[in-house]
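S.K.: See coords29.cif below, with mmCIF, N, CA and C atoms and all ligand atoms.
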```cif
data_start
#
loop_
_atom_site.label_atom_id
_atom_site.label_comp_id
_atom_site.auth_asym_id
_atom_site.auth_seq_id
_atom_site.Cartn_x
_atom_site.Cartn_y
_atom_site.Cartn_z
N MET A 936 -74.38 24.50 -8.35
CA MET A 936 -73.53 25.63 -7.97
C MET A 936 -72.18 25.55 -8.69
N VAL A 937 -71.72 26.68 -9.17
CA VAL A 937 -70.44 26.68 -9.90
C VAL A 937 -69.29 26.69 -8.90
N LEU A 938 -68.38 25.77 -9.10
CA LEU A 938 -67.22 25.69 -8.20
C LEU A 938 -66.14 26.63 -8.69
N ARG A 939 -65.70 27.56 -7.81
CA ARG A 939 -64.65 28.51 -8.17
C ARG A 939 -63.61 28.56 -7.04
N PHE A 940 -62.38 28.50 -7.44
CA PHE A 940 -61.29 28.58 -6.45
C PHE A 940 -61.30 29.95 -5.77
N GLU A 941 -61.15 29.93 -4.45
CA GLU A 941 -61.04 31.18 -3.69
C GLU A 941 -59.96 31.00 -2.64
N CYS A 942 -58.86 31.69 -2.82
CA CYS A 942 -57.71 31.51 -1.91
C CYS A 942 -58.09 31.92 -0.49
N TYR A 943 -57.71 31.09 0.48
CA TYR A 943 -58.00 31.38 1.89
C TYR A 943 -56.96 32.30 2.53
N HIS A 944 -55.89 32.55 1.80
CA HIS A 944 -54.75 33.28 2.38
C HIS A 944 -54.28 32.62 3.67
N CYS A 945 -54.23 31.31 3.61
CA CYS A 945 -53.65 30.59 4.75
C CYS A 945 -52.12 30.66 4.60
N LEU A 946 -51.41 30.01 5.47
CA LEU A 946 -49.95 30.17 5.48
C LEU A 946 -49.23 29.19 4.55
N HIS A 947 -49.94 28.19 4.05
CA HIS A 947 -49.24 27.02 3.54
C HIS A 947 -48.39 27.19 2.29
N CYS A 948 -48.89 27.92 1.30
CA CYS A 948 -48.13 27.86 0.05
C CYS A 948 -46.94 28.81 0.03
N CYS A 949 -46.69 29.53 1.10
CA CYS A 949 -45.49 30.38 1.17
C CYS A 949 -44.51 29.85 2.21
N PHE A 950 -44.76 28.63 2.70
CA PHE A 950 -43.87 27.97 3.66
C PHE A 950 -43.35 26.69 3.02
N PHE A 951 -42.04 26.50 3.11
CA PHE A 951 -41.41 25.37 2.40
C PHE A 951 -40.58 24.54 3.37
N SER A 952 -40.85 23.23 3.36
CA SER A 952 -40.12 22.37 4.28
C SER A 952 -39.45 21.21 3.56
N THR A 953 -39.72 21.08 2.27
CA THR A 953 -39.14 19.97 1.53
C THR A 953 -38.85 20.38 0.09
N PRO A 954 -37.76 19.88 -0.49
CA PRO A 954 -37.37 20.29 -1.86
C PRO A 954 -38.46 20.05 -2.91
N VAL A 955 -39.33 19.07 -2.73
CA VAL A 955 -40.35 18.85 -3.77
C VAL A 955 -41.32 20.02 -3.87
N ASP A 956 -41.38 20.84 -2.82
CA ASP A 956 -42.29 21.99 -2.83
C ASP A 956 -41.64 23.27 -3.35
N TYR A 957 -40.32 23.27 -3.53
CA TYR A 957 -39.65 24.51 -3.92
C TYR A 957 -40.26 25.05 -5.23
N PRO A 958 -40.47 26.38 -5.31
CA PRO A 958 -41.01 26.94 -6.55
C PRO A 958 -40.03 26.78 -7.71
N VAL A 959 -40.60 26.46 -8.88
CA VAL A 959 -39.81 26.43 -10.12
C VAL A 959 -39.90 27.82 -10.73
N VAL A 960 -38.77 28.38 -11.08
CA VAL A 960 -38.79 29.76 -11.62
C VAL A 960 -37.99 29.85 -12.92
N LEU A 961 -38.40 30.79 -13.75
CA LEU A 961 -37.71 31.04 -15.02
C LEU A 961 -36.43 31.83 -14.78
N ARG A 962 -35.54 31.74 -15.75
CA ARG A 962 -34.26 32.45 -15.63
C ARG A 962 -34.46 33.95 -15.33
N GLU A 963 -35.36 34.61 -16.10
CA GLU A 963 -35.54 36.06 -15.88
C GLU A 963 -36.18 36.35 -14.52
N GLU A 964 -36.94 35.37 -14.01
CA GLU A 964 -37.52 35.56 -12.68
C GLU A 964 -36.44 35.48 -11.60
N VAL A 965 -35.44 34.64 -11.83
CA VAL A 965 -34.32 34.57 -10.88
C VAL A 965 -33.69 35.95 -10.75
N ASN A 966 -33.42 36.58 -11.89
CA ASN A 966 -32.79 37.90 -11.85
C ASN A 966 -33.68 38.93 -11.16
N ARG A 967 -34.98 38.89 -11.48
CA ARG A 967 -35.91 39.85 -10.86
C ARG A 967 -35.98 39.65 -9.35
N LEU A 968 -36.09 38.38 -8.94
CA LEU A 968 -36.19 38.08 -7.51
C LEU A 968 -34.91 38.49 -6.77
N LYS A 969 -33.77 38.25 -7.41
CA LYS A 969 -32.50 38.63 -6.78
C LYS A 969 -32.42 40.15 -6.61
N ASP A 970 -32.88 40.89 -7.62
CA ASP A 970 -32.89 42.36 -7.53
C ASP A 970 -33.77 42.82 -6.38
N LEU A 971 -34.98 42.26 -6.32
CA LEU A 971 -35.91 42.64 -5.26
C LEU A 971 -35.33 42.31 -3.88
N ALA A 972 -34.70 41.13 -3.80
CA ALA A 972 -34.13 40.68 -2.52
C ALA A 972 -32.96 41.57 -2.10
N SER A 973 -32.12 41.94 -3.08
CA SER A 973 -30.93 42.73 -2.70
C SER A 973 -31.34 44.09 -2.15
N LYS A 974 -32.48 44.63 -2.63
CA LYS A 974 -32.97 45.92 -2.09
C LYS A 974 -33.38 45.78 -0.63
N ARG A 975 -33.66 44.55 -0.22
CA ARG A 975 -34.08 44.31 1.18
C ARG A 975 -32.96 43.63 1.98
N GLY A 976 -31.79 43.54 1.37
CA GLY A 976 -30.66 42.92 2.08
C GLY A 976 -30.82 41.43 2.29
N ILE A 977 -31.55 40.78 1.37
CA ILE A 977 -31.80 39.34 1.49
C ILE A 977 -31.00 38.60 0.41
N LEU A 978 -30.46 37.45 0.78
CA LEU A 978 -29.76 36.61 -0.19
C LEU A 978 -30.66 35.43 -0.56
N LEU A 979 -30.86 35.19 -1.86
CA LEU A 979 -31.69 34.07 -2.30
C LEU A 979 -30.82 32.99 -2.93
N ASN A 980 -31.30 31.74 -2.87
CA ASN A 980 -30.55 30.63 -3.47
C ASN A 980 -31.39 29.90 -4.51
N PHE A 981 -30.75 29.59 -5.62
CA PHE A 981 -31.42 28.87 -6.72
C PHE A 981 -30.52 27.74 -7.21
N ILE A 982 -31.14 26.70 -7.72
CA ILE A 982 -30.41 25.63 -8.41
C ILE A 982 -30.95 25.56 -9.83
N GLN A 983 -30.07 25.53 -10.81
CA GLN A 983 -30.51 25.41 -12.20
C GLN A 983 -30.93 23.97 -12.49
N VAL A 984 -32.13 23.79 -13.08
CA VAL A 984 -32.57 22.42 -13.39
C VAL A 984 -32.63 22.14 -14.90
N THR A 985 -32.90 23.17 -15.69
CA THR A 985 -32.81 23.04 -17.15
C THR A 985 -32.22 24.35 -17.66
N SER A 986 -32.11 24.50 -18.98
CA SER A 986 -31.55 25.76 -19.49
C SER A 986 -32.44 26.95 -19.15
N ASP A 987 -33.75 26.73 -19.00
CA ASP A 987 -34.68 27.83 -18.73
C ASP A 987 -35.18 27.91 -17.30
N PHE A 988 -35.12 26.80 -16.58
CA PHE A 988 -35.79 26.75 -15.27
C PHE A 988 -34.83 26.51 -14.11
N TYR A 989 -35.21 27.11 -12.97
CA TYR A 989 -34.42 26.98 -11.74
C TYR A 989 -35.36 26.57 -10.61
N LEU A 990 -34.77 25.97 -9.57
CA LEU A 990 -35.52 25.72 -8.33
C LEU A 990 -35.12 26.79 -7.34
N TRP A 991 -36.11 27.43 -6.75
CA TRP A 991 -35.86 28.47 -5.74
C TRP A 991 -35.85 27.77 -4.38
N ILE A 992 -34.67 27.73 -3.76
CA ILE A 992 -34.52 27.03 -2.48
C ILE A 992 -34.97 27.94 -1.34
N ILE A 993 -36.04 27.55 -0.69
CA ILE A 993 -36.58 28.34 0.43
C ILE A 993 -36.74 27.40 1.63
N ASP A 994 -36.12 27.76 2.72
CA ASP A 994 -36.21 26.94 3.92
C ASP A 994 -37.09 27.67 4.93
N GLY A 995 -38.33 27.24 5.08
CA GLY A 995 -39.26 27.94 5.98
C GLY A 995 -40.13 28.91 5.19
N PHE A 996 -40.48 30.05 5.79
CA PHE A 996 -41.32 31.02 5.07
C PHE A 996 -40.51 31.73 4.00
N CYS A 997 -41.17 32.01 2.89
CA CYS A 997 -40.55 32.80 1.83
C CYS A 997 -40.15 34.16 2.41
N PRO A 998 -38.97 34.66 2.07
CA PRO A 998 -38.54 35.95 2.62
C PRO A 998 -39.43 37.12 2.17
N PHE A 999 -40.27 36.91 1.16
CA PHE A 999 -41.16 37.97 0.70
C PHE A 999 -42.55 37.86 1.32
N TYR A 1000 -42.72 36.90 2.21
CA TYR A 1000 -44.04 36.72 2.82
C TYR A 1000 -44.17 37.58 4.08
N ASP A 1001 -45.28 38.31 4.16
CA ASP A 1001 -45.59 39.12 5.35
C ASP A 1001 -46.48 38.27 6.25
N LEU A 1002 -45.87 37.74 7.29
CA LEU A 1002 -46.58 36.80 8.16
C LEU A 1002 -47.74 37.47 8.90
N ARG A 1003 -47.55 38.72 9.29
CA ARG A 1003 -48.58 39.41 10.06
C ARG A 1003 -49.83 39.67 9.20
N ARG A 1004 -49.61 40.14 7.98
CA ARG A 1004 -50.75 40.44 7.10
C ARG A 1004 -51.16 39.26 6.23
N ARG A 1005 -50.38 38.19 6.32
CA ARG A 1005 -50.65 36.98 5.51
C ARG A 1005 -50.74 37.31 4.03
N ARG A 1006 -49.76 38.05 3.55
CA ARG A 1006 -49.75 38.45 2.15
C ARG A 1006 -48.35 38.38 1.58
N CYS A 1007 -48.31 38.15 0.27
CA CYS A 1007 -47.05 38.26 -0.47
C CYS A 1007 -46.74 39.74 -0.64
N THR A 1008 -45.51 40.14 -0.36
CA THR A 1008 -45.15 41.56 -0.46
C THR A 1008 -44.65 41.93 -1.86
N ILE A 1009 -44.61 40.94 -2.76
CA ILE A 1009 -44.21 41.25 -4.15
C ILE A 1009 -45.29 40.73 -5.10
N HIS A 1010 -46.53 40.88 -4.70
CA HIS A 1010 -47.65 40.24 -5.41
C HIS A 1010 -47.58 40.39 -6.94
N GLU A 1011 -47.40 41.62 -7.41
CA GLU A 1011 -47.39 41.85 -8.87
C GLU A 1011 -46.16 41.24 -9.53
N LEU A 1012 -45.11 41.08 -8.76
CA LEU A 1012 -43.83 40.64 -9.34
C LEU A 1012 -43.46 39.21 -8.97
N LYS A 1013 -44.38 38.53 -8.31
CA LYS A 1013 -44.04 37.17 -7.88
C LYS A 1013 -43.92 36.25 -9.10
N PRO A 1014 -43.19 35.13 -8.95
CA PRO A 1014 -42.98 34.26 -10.12
C PRO A 1014 -44.25 33.55 -10.58
N ILE A 1015 -44.19 33.06 -11.81
CA ILE A 1015 -45.34 32.38 -12.41
C ILE A 1015 -45.83 31.23 -11.56
N SER A 1016 -44.91 30.45 -10.99
CA SER A 1016 -45.34 29.28 -10.20
C SER A 1016 -46.19 29.71 -9.01
N CYS A 1017 -45.92 30.90 -8.46
CA CYS A 1017 -46.76 31.41 -7.36
C CYS A 1017 -48.10 31.91 -7.90
N LYS A 1018 -48.06 32.55 -9.08
CA LYS A 1018 -49.30 33.09 -9.65
C LYS A 1018 -50.27 31.98 -10.06
N MET A 1019 -49.76 30.82 -10.42
CA MET A 1019 -50.66 29.76 -10.89
C MET A 1019 -51.02 28.75 -9.81
N PHE A 1020 -50.38 28.80 -8.65
CA PHE A 1020 -50.70 27.85 -7.58
C PHE A 1020 -52.15 28.04 -7.15
N PRO A 1021 -52.92 26.96 -6.91
CA PRO A 1021 -52.53 25.58 -6.69
C PRO A 1021 -52.39 24.72 -7.95
N LEU A 1022 -52.34 25.33 -9.12
CA LEU A 1022 -52.03 24.53 -10.30
C LEU A 1022 -50.52 24.34 -10.39
N LEU A 1023 -50.12 23.16 -10.81
CA LEU A 1023 -48.71 22.83 -10.98
C LEU A 1023 -48.50 22.43 -12.43
N ILE A 1024 -47.30 22.67 -12.94
CA ILE A 1024 -47.03 22.25 -14.31
C ILE A 1024 -45.74 21.44 -14.35
N ASN A 1025 -45.78 20.34 -15.08
CA ASN A 1025 -44.58 19.52 -15.27
C ASN A 1025 -43.76 20.17 -16.37
N ILE A 1026 -42.56 20.66 -16.05
CA ILE A 1026 -41.81 21.44 -17.04
C ILE A 1026 -41.28 20.57 -18.19
N GLU A 1027 -41.31 19.25 -18.02
CA GLU A 1027 -40.87 18.38 -19.12
C GLU A 1027 -42.02 18.03 -20.06
N THR A 1028 -43.21 17.78 -19.48
CA THR A 1028 -44.33 17.33 -20.32
C THR A 1028 -45.35 18.44 -20.58
N GLY A 1029 -45.34 19.48 -19.76
CA GLY A 1029 -46.34 20.53 -19.88
C GLY A 1029 -47.66 20.16 -19.22
N GLU A 1030 -47.71 19.00 -18.57
CA GLU A 1030 -48.96 18.55 -17.94
C GLU A 1030 -49.30 19.41 -16.73
N VAL A 1031 -50.57 19.82 -16.66
CA VAL A 1031 -51.03 20.66 -15.55
C VAL A 1031 -51.79 19.79 -14.55
N SER A 1032 -51.49 19.95 -13.27
CA SER A 1032 -52.20 19.21 -12.22
C SER A 1032 -52.56 20.17 -11.09
N VAL A 1033 -53.35 19.67 -10.15
CA VAL A 1033 -53.81 20.50 -9.02
C VAL A 1033 -53.13 20.00 -7.76
N SER A 1034 -52.56 20.91 -6.99
CA SER A 1034 -51.85 20.51 -5.78
C SER A 1034 -52.82 20.25 -4.63
N SER A 1035 -52.71 19.06 -4.05
CA SER A 1035 -53.55 18.75 -2.90
C SER A 1035 -52.98 19.37 -1.63
N ALA A 1036 -51.81 20.03 -1.74
CA ALA A 1036 -51.23 20.71 -0.57
C ALA A 1036 -51.98 22.00 -0.25
N CYS A 1037 -52.78 22.46 -1.22
CA CYS A 1037 -53.56 23.69 -1.01
C CYS A 1037 -54.75 23.40 -0.10
N ASP A 1038 -54.97 24.24 0.88
CA ASP A 1038 -56.08 24.03 1.83
C ASP A 1038 -57.44 24.06 1.13
N TRP A 1039 -57.60 24.99 0.18
CA TRP A 1039 -58.88 25.07 -0.53
C TRP A 1039 -59.11 23.78 -1.32
N VAL A 1040 -58.08 23.32 -2.00
CA VAL A 1040 -58.19 22.07 -2.79
C VAL A 1040 -58.55 20.91 -1.87
N ALA A 1041 -57.83 20.81 -0.74
CA ALA A 1041 -58.07 19.70 0.19
C ALA A 1041 -59.53 19.72 0.67
N GLY A 1042 -60.08 20.91 0.85
CA GLY A 1042 -61.45 21.02 1.34
C GLY A 1042 -62.51 20.79 0.27
N HIS A 1043 -62.10 20.77 -1.00
CA HIS A 1043 -63.06 20.60 -2.11
C HIS A 1043 -62.70 19.40 -2.97
N ILE A 1044 -61.97 18.47 -2.40
CA ILE A 1044 -61.43 17.37 -3.20
C ILE A 1044 -62.53 16.53 -3.85
N ASP A 1045 -63.62 16.29 -3.12
CA ASP A 1045 -64.69 15.47 -3.70
C ASP A 1045 -65.33 16.16 -4.90
N GLU A 1046 -65.59 17.47 -4.77
CA GLU A 1046 -66.18 18.21 -5.89
C GLU A 1046 -65.21 18.23 -7.09
N LEU A 1047 -63.93 18.42 -6.79
CA LEU A 1047 -62.94 18.49 -7.87
C LEU A 1047 -62.82 17.16 -8.62
N MET A 1048 -63.00 16.06 -7.89
CA MET A 1048 -62.91 14.74 -8.53
C MET A 1048 -64.04 14.52 -9.53
N ASN A 1049 -65.12 15.30 -9.40
CA ASN A 1049 -66.30 15.07 -10.23
C ASN A 1049 -66.52 16.12 -11.32
N ILE A 1050 -65.54 17.01 -11.50
CA ILE A 1050 -65.81 18.09 -12.47
C ILE A 1050 -65.22 17.81 -13.84
N GLY A 1051 -64.57 16.64 -14.00
CA GLY A 1051 -64.05 16.28 -15.32
C GLY A 1051 -63.01 17.27 -15.80
N ASP A 1052 -63.22 17.83 -16.99
CA ASP A 1052 -62.16 18.64 -17.60
C ASP A 1052 -62.34 20.14 -17.36
N SER A 1053 -63.14 20.53 -16.39
CA SER A 1053 -63.39 21.96 -16.22
C SER A 1053 -62.49 22.62 -15.18
N ILE A 1054 -61.28 22.09 -15.00
CA ILE A 1054 -60.30 22.72 -14.11
C ILE A 1054 -60.07 24.18 -14.53
N SER A 1055 -60.13 24.41 -15.86
CA SER A 1055 -59.92 25.77 -16.36
C SER A 1055 -61.01 26.73 -15.88
N ASN A 1056 -62.21 26.21 -15.57
CA ASN A 1056 -63.28 27.07 -15.05
C ASN A 1056 -63.13 27.30 -13.55
N VAL A 1057 -62.71 26.28 -12.84
CA VAL A 1057 -62.57 26.41 -11.39
C VAL A 1057 -61.41 27.35 -11.04
N PHE A 1058 -60.31 27.20 -11.78
CA PHE A 1058 -59.10 28.00 -11.50
C PHE A 1058 -58.86 28.93 -12.69
N GLN A 1059 -59.76 29.85 -12.94
CA GLN A 1059 -59.70 30.64 -14.18
C GLN A 1059 -58.41 31.46 -14.31
N ASN A 1060 -58.12 32.26 -13.31
CA ASN A 1060 -56.92 33.11 -13.40
C ASN A 1060 -55.65 32.27 -13.42
N GLU A 1061 -55.62 31.28 -12.55
CA GLU A 1061 -54.43 30.43 -12.44
C GLU A 1061 -54.21 29.63 -13.73
N PHE A 1062 -55.32 29.20 -14.33
CA PHE A 1062 -55.20 28.42 -15.56
C PHE A 1062 -54.66 29.28 -16.70
N ARG A 1063 -55.09 30.53 -16.75
CA ARG A 1063 -54.59 31.45 -17.78
C ARG A 1063 -53.06 31.59 -17.66
N VAL A 1064 -52.60 31.74 -16.44
CA VAL A 1064 -51.15 31.87 -16.20
C VAL A 1064 -50.43 30.58 -16.61
N ALA A 1065 -51.02 29.44 -16.22
CA ALA A 1065 -50.42 28.14 -16.54
C ALA A 1065 -50.36 27.94 -18.05
N LEU A 1066 -51.40 28.39 -18.75
CA LEU A 1066 -51.45 28.24 -20.20
C LEU A 1066 -50.33 29.01 -20.88
N ASN A 1067 -50.07 30.21 -20.40
CA ASN A 1067 -48.97 31.01 -20.95
C ASN A 1067 -47.63 30.30 -20.74
N LEU A 1068 -47.48 29.71 -19.56
CA LEU A 1068 -46.23 29.00 -19.28
C LEU A 1068 -46.13 27.75 -20.16
N PHE A 1069 -47.25 27.06 -20.32
CA PHE A 1069 -47.30 25.86 -21.16
C PHE A 1069 -46.86 26.21 -22.59
N ARG A 1070 -47.38 27.33 -23.11
CA ARG A 1070 -47.04 27.75 -24.48
C ARG A 1070 -45.54 28.02 -24.58
N ARG A 1071 -45.01 28.59 -23.53
CA ARG A 1071 -43.58 28.89 -23.52
C ARG A 1071 -42.75 27.61 -23.50
N ILE A 1072 -43.18 26.64 -22.68
CA ILE A 1072 -42.45 25.36 -22.60
C ILE A 1072 -42.45 24.66 -23.95
N LYS A 1073 -43.62 24.75 -24.64
CA LYS A 1073 -43.76 24.04 -25.91
C LYS A 1073 -43.17 24.79 -27.09
N ALA A 1074 -42.81 26.07 -26.89
CA ALA A 1074 -42.31 26.89 -28.00
C ALA A 1074 -40.95 26.39 -28.50
S1 LIG B 1101 -43.08 35.12 -3.82
FE1 LIG B 1101 -44.92 35.64 -2.68
S2 LIG B 1101 -46.43 34.10 -3.30
FE2 LIG B 1101 -44.42 33.31 -3.87
S3 LIG B 1101 -43.76 32.06 -2.12
FE3 LIG B 1101 -42.95 34.14 -1.80
S4 LIG B 1101 -44.46 35.20 -0.54
FE4 LIG B 1101 -45.43 33.37 -1.41
S1 LIG B 1102 -52.60 26.89 0.24
FE1 LIG B 1102 -54.25 27.36 -1.24
S2 LIG B 1102 -55.79 28.48 -0.05
FE2 LIG B 1102 -53.87 28.52 1.13
S3 LIG B 1102 -52.84 30.44 0.52
FE3 LIG B 1102 -52.07 28.81 -0.81
S4 LIG B 1102 -53.39 28.87 -2.64
FE4 LIG B 1102 -54.45 30.01 -1.03
#
```
Please express what this file holds, its structure, as structure tokens.
Ligand code: SF4
Ligand code: SF4
M.R.:
Amino acid sequence: MVLRFECYHCLHCCFFSTPVDYPVVLREEVNRLKDLASKRGILLNFIQVTSDFYLWIIDGFCPFYDLRRRRCTIHELKPISCKMFPLLINIETGEVSVSSACDWVAGHIDELMNIGDSISNVFQNEFRVALNLFRRIKA
């Protein structure tokens, strides 16, 4: 059977309780997110980590998360790090890894350990997004 990632739409990846989980966002994404937030009367906080990347500081649920419908309310406009999750990318090395914080990943960990280099097949959409970001980091 072919293993394919299927998001459960659980609550976890839009809830933040520790700085290591904060989304990494590009400079232009900071501006876009701030614009979207200001239309809703929300103030967002970011810390610059490199010339191109920022950490989006979120304490608790993301302000764009609809808890009742369990959906992101800015789906098309959400940052790359959200689009590629549960894949993570090291912004210094470009290395891609899989987050065990994801419920689907946690439930398929044994299968994932045995698939070798076919992460790109399991996480097809997410891998495509990660690849674009990787190309940008390496440019
Ligand atoms: S932008 Fe959307 S996907 Fe990203 S953390 Fe917020 S609610 Fe979740
Ligand atoms: S933790 Fe994983 S399964 Fe749950 S919403 Fe996030 S990506 Fe989907």
S.K.: Write out as a list in words the residues lying within 6.5 Å of segment 1062-1072 of chain A, counting only N, CA and C atoms and excluding same-chain residues fewer than 2 positions away.
M.R.: Lys1018, Met1019, Gly1029, Ser1055, Phe1058, Gln1059, Asn1060 and Ala1074 of chain A
S.K.: Hey, which residues sit close to ligand LIG 1101 (chain B)? Say within 6.5 Å, counting all atoms listed in the file, and write them as a PyMOL selection string.
M.R.: chain A and resi 948-950+997-1001+1006-1010+1013-1014+1017-1018
S.K.: Write out as an MDAnalysis selection string all residues of chain A that DSSP puts in helix (DSSP H, G or I) for this structure's backbone.
M.R.: chainID A and resid 947:949 954:956 962:974 1010:1012 1015:1019 1038:1042 1044:1048 1054:1057 1059:1073
S.K.: Could you tell me, counting all atoms listed in the file, which protein and nucleic acid residues lie no more than 5 Å from ligand LIG 1102 (chain B), written as an MDAnalysis selection string?
M.R.: chainID A and resid 942:945 947:948 1020:1021 1036:1039
S.K.: Quick one: of A:Val1033, A:Ile992, A:Met1048, A:Val1057, who's nearest to Pro954 of chain A, counting all atoms listed in the file?
M.R.: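 Closest residue, counting all atoms listed in the file: A:Ile992.
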S.K.: Within 6.5 Å of (-66.0, 25.2, -2.3) (coordinates as in the file), grab all the protein and nucleic acid residues, counting only N, CA and C atoms, and write them out as an mmCIF file with N, CA and C atoms, keeping the file's coordinate frame.
M.R.:
```cif
data_model
loop_
_atom_site.group_PDB
_atom_site.id
_atom_site.type_symbol
_atom_site.label_atom_id
_atom_site.label_comp_id
_atom_site.auth_asym_id
_atom_site.auth_seq_id
_atom_site.Cartn_x
_atom_site.Cartn_y
_atom_site.Cartn_z
ATOM 1 N N LEU A 938 -68.380 25.770 -9.100
ATOM 2 C CA LEU A 938 -67.220 25.690 -8.200
ATOM 3 C C LEU A 938 -66.140 26.630 -8.690
ATOM 4 N N ARG A 939 -65.700 27.560 -7.810
ATOM 5 C CA ARG A 939 -64.650 28.510 -8.170
ATOM 6 C C ARG A 939 -63.610 28.560 -7.040
ATOM 7 N N GLY A 1042 -60.080 20.910 0.850
ATOM 8 C CA GLY A 1042 -61.450 21.020 1.340
ATOM 9 C C GLY A 1042 -62.510 20.790 0.270
ATOM 10 N N HIS A 1043 -62.100 20.770 -1.000
ATOM 11 C CA HIS A 1043 -63.060 20.600 -2.110
ATOM 12 C C HIS A 1043 -62.700 19.400 -2.970
#
```
S.K.: Report the distance between atom N of Leu968 of chain A and atom C of Leu1012 of chain A in Å, rounded to one decimal place.
M.R.: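 So the answer is 7.4 Å.
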S.K.: Might you pull out every residue within 8 Å of Val960 of chain A, with all atoms listed in the file counted and same-chain residues fewer than 3 positions away left off, and present them as a list in words?
M.R.: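 Residues meeting the cut-off are Tyr957, Glu963, Glu964, Val965, Asp987, Phe988, Tyr989, Leu990, Trp991, Pro1014, Ile1015, Ser1016 and Cys1017 of chain A.
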S.K.: Go ahead and dump the residues you just picked, N, CA and C atoms, as an mmCIF file, keeping the file's coordinate frame.
M.R.:
```
data_model
loop_
_atom_site.group_PDB
_atom_site.id
_atom_site.type_symbol
_atom_site.label_atom_id
_atom_site.label_comp_id
_atom_site.auth_asym_id
_atom_site.auth_seq_id
_atom_site.Cartn_x
_atom_site.Cartn_y
_atom_site.Cartn_z
ATOM 1 N N TYR A 957 -40.320 23.270 -3.530
ATOM 2 C CA TYR A 957 -39.650 24.510 -3.920
ATOM 3 C C TYR A 957 -40.260 25.050 -5.230
ATOM 4 N N GLU A 963 -35.360 34.610 -16.100
ATOM 5 C CA GLU A 963 -35.540 36.060 -15.880
ATOM 6 C C GLU A 963 -36.180 36.350 -14.520
ATOM 7 N N GLU A 964 -36.940 35.370 -14.010
ATOM 8 C CA GLU A 964 -37.520 35.560 -12.680
ATOM 9 C C GLU A 964 -36.440 35.480 -11.600
ATOM 10 N N VAL A 965 -35.440 34.640 -11.830
ATOM 11 C CA VAL A 965 -34.320 34.570 -10.880
ATOM 12 C C VAL A 965 -33.690 35.950 -10.750
ATOM 13 N N ASP A 987 -33.750 26.730 -19.000
ATOM 14 C CA ASP A 987 -34.680 27.830 -18.730
ATOM 15 C C ASP A 987 -35.180 27.910 -17.300
ATOM 16 N N PHE A 988 -35.120 26.800 -16.580
ATOM 17 C CA PHE A 988 -35.790 26.750 -15.270
ATOM 18 C C PHE A 988 -34.830 26.510 -14.110
ATOM 19 N N TYR A 989 -35.210 27.110 -12.970
ATOM 20 C CA TYR A 989 -34.420 26.980 -11.740
ATOM 21 C C TYR A 989 -35.360 26.570 -10.610
ATOM 22 N N LEU A 990 -34.770 25.970 -9.570
ATOM 23 C CA LEU A 990 -35.520 25.720 -8.330
ATOM 24 C C LEU A 990 -35.120 26.790 -7.340
ATOM 25 N N TRP A 991 -36.110 27.430 -6.750
ATOM 26 C CA TRP A 991 -35.860 28.470 -5.740
ATOM 27 C C TRP A 991 -35.850 27.770 -4.380
ATOM 28 N N PRO A 1014 -43.190 35.130 -8.950
ATOM 29 C CA PRO A 1014 -42.980 34.260 -10.120
ATOM 30 C C PRO A 1014 -44.250 33.550 -10.580
ATOM 31 N N ILE A 1015 -44.190 33.060 -11.810
ATOM 32 C CA ILE A 1015 -45.340 32.380 -12.410
ATOM 33 C C ILE A 1015 -45.830 31.230 -11.560
ATOM 34 N N SER A 1016 -44.910 30.450 -10.990
ATOM 35 C CA SER A 1016 -45.340 29.280 -10.200
ATOM 36 C C SER A 1016 -46.190 29.710 -9.010
ATOM 37 N N CYS A 1017 -45.920 30.900 -8.460
ATOM 38 C CA CYS A 1017 -46.760 31.410 -7.360
ATOM 39 C C CYS A 1017 -48.100 31.910 -7.900
#
```
S.K.: Find the distance between atom CA of Leu946 of chain A and atom CA of Lys969 of chain A and write it in Å to one decimal.
M.R.: 22.9 Å
S.K.: Could you tell me how far atom CA of Phe996 of chain A lies from atom CA of Ala1041 of chain A, in Å and to one decimal?
M.R.: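 Between atom CA of Phe996 of chain A and atom CA of Ala1041 of chain A the gap is 20.8 Å.
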